Amino acid sequence: MEYIIKILSSHKIRPSHHRICVLKYLIQNKTHPTVEDILTGLAPVMPTISRATIYNTLHVLQEAGLVMALHESGSETRFDYRYRNHAHFYCIQCGRYIDVNTEYDCFNTRAIGPHSVNEVLVYFRGVCADCASGKKSEKTNKDKKTKKGGSES
Ligand SMILES: [Zn+2]
Ligand SMILES: [Zn+2]
C-alpha cells in the first residue's frame with residue numbers, strides 16, 4: 001500500500017482511501033476492467049463505495065496520467081493503469097483489450113503540427129490469436145446482443 005501512496009503523491013494526488021483502493025485494484029488487475037468490474041472487485045474491501053465515487057476517482061487518476069480510458073462504441077469504457085506507455089489491441093470477437101508492444105515511438109509526442117498533445121493512445125482493432133484459432137470465442141460474448149441481419153441477396 002505504501003508504494004501506491006508514493007505513486008499518488010508523486011502525481012500530486014492526495015492519497016485518499018478510495019483513490020488508493022481504486023489504483024491498487026487497477027495495478028493488480030491488468031484486465032482492463034469496467035467501472036462495474038471495479039465496483040464488484042472492491043466490494044469486499046469497500047462495500048459502501050459508490051459507482052459515482054469510482055467514476056470521479058478514475059477521472060482524477062486519468063487527468064494525472066495514471067490511468068487510461070479505453071472506449072469502444074457499443075460497449076462500456078474500460079480502464080487501465082498506465083504502468084508504462086503501451087498500445088492496445090481490441091479483439092472484435094471476444095471484446096478483450098490486449099496489451100501490445102509497438103515499434104512506433106509516438107508516446108512522447110507533445111505536439112502534432114500546430115496542435116498540442118495531452119495524451120497518446122495507440123489502438124489496434126482486429127481478431128486476436130485465440131479467436132482466430134477458435135480457442136475462446138464465446139467466453140466474453142455473453143452480453144453481446146445478437147442482431148445480425150445476415151440477409152444479403
Ligand atoms: Zn478474441
Ligand atoms: Zn493495457
# chains A, B, ... in the order shown; residues from 1 in each chain; ligands from 1
$ residues_around --residues "Glu36 of chain A" --least-positions-apart "5" --cutoff "12 Å" --atoms "only C-alpha atoms" --output "PDB file with C-alpha atoms, in the first residue's frame"
ATOM      1  CA  GLY A  41     -13.815  -6.167  -7.137  1.00  0.00           C
ATOM      2  CA  LEU A  42     -13.719  -3.574  -4.370  1.00  0.00           C
ATOM      3  CA  ALA A  43     -16.884  -4.752  -2.644  1.00  0.00           C
ATOM      4  CA  ILE A  49     -18.104   2.782  -2.339  1.00  0.00           C
ATOM      5  CA  SER A  50     -20.469   4.091  -5.000  1.00  0.00           C
ATOM      6  CA  ARG A  51     -20.276   3.962  -8.749  1.00  0.00           C
ATOM      7  CA  ALA A  52     -20.062   7.772  -8.806  1.00  0.00           C
ATOM      8  CA  ILE A  54     -15.307   5.270  -8.706  1.00  0.00           C
ATOM      9  CA  TYR A  55     -16.041   7.406 -11.776  1.00  0.00           C
ATOM     10  CA  GLU A  76     -18.559   0.021 -21.658  1.00  0.00           C
ATOM     11  CA  THR A  77     -15.468   2.121 -21.101  1.00  0.00           C
ATOM     12  CA  ARG A  78     -12.558   0.104 -19.766  1.00  0.00           C
ATOM     13  CA  PHE A  79      -9.795   1.393 -17.542  1.00  0.00           C
TER      14      PHE A  79
END
$ residues_near_ligand --ligand "ligand 1" --cutoff "6 Å" --atoms "only C-alpha atoms and all ligand atoms" --output "list in words"
Cys91, Gln93, Cys94, Val127, Cys128, Asp130 and Cys131 of chain A
$ write_last_selection --atoms "C-alpha atoms" --output "compact mmCIF listing (two decimals), in the first residue's frame"
# COMPACT_ATOMS: atom_id res chain seq x y z
CA CYS A 91 -10.49 -8.06 -30.40
CA GLN A 93 -14.79 -11.11 -31.49
CA CYS A 94 -14.19 -11.64 -27.78
CA VAL A 127 -9.26 -10.63 -34.30
CA CYS A 128 -6.98 -11.94 -31.54
CA ASP A 130 -7.14 -17.10 -29.61
CA CYS A 131 -10.27 -16.23 -31.57
$ residues_near_ligand --ligand "ligand 2" --cutoff "12 Å" --atoms "only C-alpha atoms and all ligand atoms" --output "PyMOL selection string"
chain A and resi 26-27+29-33+66-70+78-90+96-101+121-124
$ write_last_selection --atoms "C-alpha atoms" --output "mmCIF file, in the first residue's frame"
data_model
loop_
_atom_site.group_PDB
_atom_site.id
_atom_site.type_symbol
_atom_site.label_atom_id
_atom_site.label_comp_id
_atom_site.auth_asym_id
_atom_site.auth_seq_id
_atom_site.Cartn_x
_atom_site.Cartn_y
_atom_site.Cartn_z
ATOM 1 C CA LEU A 26 -6.069 -1.407 -11.414
ATOM 2 C CA ILE A 27 -2.437 -2.224 -10.680
ATOM 3 C CA ASN A 29 -5.909 -6.383 -12.300
ATOM 4 C CA LYS A 30 -4.466 -5.586 -15.680
ATOM 5 C CA THR A 31 -7.565 -6.981 -17.345
ATOM 6 C CA HIS A 32 -8.897 -3.585 -18.453
ATOM 7 C CA PRO A 33 -11.914 -3.657 -16.099
ATOM 8 C CA LEU A 66 -2.003 7.391 -14.244
ATOM 9 C CA VAL A 67 -4.967 5.758 -15.904
ATOM 10 C CA MET A 68 -6.061 5.282 -19.494
ATOM 11 C CA ALA A 69 -9.682 5.024 -20.551
ATOM 12 C CA LEU A 70 -10.439 2.761 -23.488
ATOM 13 C CA ARG A 78 -12.558 0.104 -19.766
ATOM 14 C CA PHE A 79 -9.795 1.393 -17.542
ATOM 15 C CA ASP A 80 -6.141 0.583 -17.372
ATOM 16 C CA TYR A 81 -3.212 1.564 -15.185
ATOM 17 C CA ARG A 82 -0.572 3.251 -17.302
ATOM 18 C CA TYR A 83 2.280 1.183 -15.898
ATOM 19 C CA ARG A 84 4.228 2.161 -18.964
ATOM 20 C CA ASN A 85 3.208 3.552 -22.287
ATOM 21 C CA HIS A 86 1.654 0.672 -24.107
ATOM 22 C CA ALA A 87 -0.602 0.143 -27.065
ATOM 23 C CA HIS A 88 -3.810 -1.889 -27.088
ATOM 24 C CA PHE A 89 -5.238 -4.457 -29.386
ATOM 25 C CA TYR A 90 -9.018 -4.755 -29.268
ATOM 26 C CA ARG A 96 -10.793 -8.218 -24.949
ATOM 27 C CA TYR A 97 -8.214 -5.467 -24.795
ATOM 28 C CA ILE A 98 -4.742 -6.935 -25.004
ATOM 29 C CA ASP A 99 -1.565 -5.025 -24.187
ATOM 30 C CA VAL A 100 0.793 -4.992 -27.145
ATOM 31 C CA ASN A 101 4.147 -3.515 -27.957
ATOM 32 C CA LEU A 121 -3.493 6.375 -27.171
ATOM 33 C CA VAL A 122 -2.426 3.705 -29.628
ATOM 34 C CA TYR A 123 -5.103 1.295 -30.513
ATOM 35 C CA PHE A 124 -5.464 -1.572 -32.958
#
$ select_by_dssp --residues "chain A" --states "strand (DSSP E or B)" --output "compact mmCIF listing (two decimals) with N, CA and C atoms, in the first residue's frame"
# COMPACT_ATOMS: atom_id res chain seq x y z
N VAL A 67 -3.98 6.72 -15.42
CA VAL A 67 -4.97 5.76 -15.90
C VAL A 67 -5.38 6.12 -17.33
N MET A 68 -5.56 5.09 -18.14
CA MET A 68 -6.06 5.28 -19.49
C MET A 68 -7.50 4.79 -19.55
N ALA A 69 -8.32 5.48 -20.32
CA ALA A 69 -9.68 5.02 -20.55
C ALA A 69 -9.76 4.53 -21.99
N LEU A 70 -10.34 3.36 -22.16
CA LEU A 70 -10.44 2.76 -23.49
C LEU A 70 -11.91 2.69 -23.89
N HIS A 71 -12.20 3.29 -25.01
CA HIS A 71 -13.59 3.33 -25.44
C HIS A 71 -13.77 2.52 -26.72
N GLU A 72 -14.84 1.81 -26.75
CA GLU A 72 -15.21 1.10 -27.98
C GLU A 72 -16.71 1.32 -28.10
N SER A 75 -19.84 -0.59 -26.27
CA SER A 75 -19.51 -1.32 -25.06
C SER A 75 -18.99 -0.35 -24.00
N GLU A 76 -18.94 -0.83 -22.77
CA GLU A 76 -18.56 0.02 -21.66
C GLU A 76 -17.10 0.45 -21.71
N THR A 77 -16.84 1.63 -21.19
CA THR A 77 -15.47 2.12 -21.10
C THR A 77 -14.66 1.23 -20.17
N ARG A 78 -13.44 0.95 -20.57
CA ARG A 78 -12.56 0.10 -19.77
C ARG A 78 -11.40 0.96 -19.27
N PHE A 79 -10.85 0.58 -18.14
CA PHE A 79 -9.80 1.39 -17.54
C PHE A 79 -8.54 0.58 -17.34
N ASP A 80 -7.42 1.27 -17.41
CA ASP A 80 -6.14 0.58 -17.37
C ASP A 80 -5.10 1.46 -16.68
N TYR A 81 -4.32 0.86 -15.82
CA TYR A 81 -3.21 1.56 -15.18
C TYR A 81 -2.12 1.76 -16.22
N ALA A 87 0.49 0.09 -26.10
CA ALA A 87 -0.60 0.14 -27.07
C ALA A 87 -1.60 -0.97 -26.75
N HIS A 88 -2.79 -0.88 -27.31
CA HIS A 88 -3.81 -1.89 -27.09
C HIS A 88 -4.30 -2.50 -28.39
N PHE A 89 -4.61 -3.76 -28.28
CA PHE A 89 -5.24 -4.46 -29.39
C PHE A 89 -6.63 -4.83 -28.91
N TYR A 90 -7.64 -4.41 -29.64
CA TYR A 90 -9.02 -4.75 -29.27
C TYR A 90 -9.51 -5.86 -30.19
N CYS A 91 -9.98 -6.96 -29.58
CA CYS A 91 -10.49 -8.06 -30.40
C CYS A 91 -11.99 -7.86 -30.64
N TYR A 97 -9.30 -6.38 -24.48
CA TYR A 97 -8.21 -5.47 -24.79
C TYR A 97 -6.94 -6.17 -24.38
N ILE A 98 -6.00 -6.24 -25.28
CA ILE A 98 -4.74 -6.93 -25.00
C ILE A 98 -3.61 -5.92 -25.12
N ASP A 99 -2.72 -5.92 -24.13
CA ASP A 99 -1.56 -5.02 -24.19
C ASP A 99 -0.60 -5.51 -25.26
N VAL A 100 -0.16 -4.61 -26.10
CA VAL A 100 0.79 -4.99 -27.14
C VAL A 100 1.93 -3.97 -27.22
N ALA A 111 3.46 17.52 -29.48
CA ALA A 111 2.77 18.40 -30.42
C ALA A 111 2.70 17.68 -31.75
N ILE A 112 1.61 17.86 -32.43
CA ILE A 112 1.49 17.30 -33.76
C ILE A 112 1.00 18.41 -34.66
N HIS A 115 -0.95 21.47 -33.28
CA HIS A 115 -1.79 21.05 -32.16
C HIS A 115 -0.96 20.49 -31.02
N SER A 116 -1.35 20.82 -29.80
CA SER A 116 -0.59 20.28 -28.67
C SER A 116 -1.26 19.00 -28.16
N TYR A 123 -3.99 2.21 -30.59
CA TYR A 123 -5.10 1.29 -30.51
C TYR A 123 -5.25 0.54 -31.84
N PHE A 124 -5.27 -0.75 -31.76
CA PHE A 124 -5.46 -1.57 -32.96
C PHE A 124 -6.74 -2.38 -32.78
N ARG A 125 -7.42 -2.67 -33.86
CA ARG A 125 -8.62 -3.50 -33.79
C ARG A 125 -8.44 -4.68 -34.72
N GLY A 126 -9.00 -5.82 -34.32
CA GLY A 126 -8.91 -6.97 -35.20
C GLY A 126 -9.37 -8.22 -34.48
$ atom_distance --atom1 "atom CA of Val120 of chain A" --atom2 "atom CA of His59 of chain A"
16.5 Å
$ residues_around --residues "Met1 of chain A" --least-positions-apart "2" --cutoff "8 Å" --atoms "only C-alpha atoms" --output "PyMOL selection string"
chain A and resi 3-5+20+24
$ closest_residue --among "A:Thr40, A:Ser16, A:Thr109, A:Ser133" --to "Leu61 of chain A" --atoms "only C-alpha atoms"
A:Ser16
$ residues_around --residues "His11 of chain A" --least-positions-apart "3" --cutoff "9 Å" --atoms "only C-alpha atoms" --output "MDAnalysis selection string"
chainID A and resid 6:8 14 61 64:66
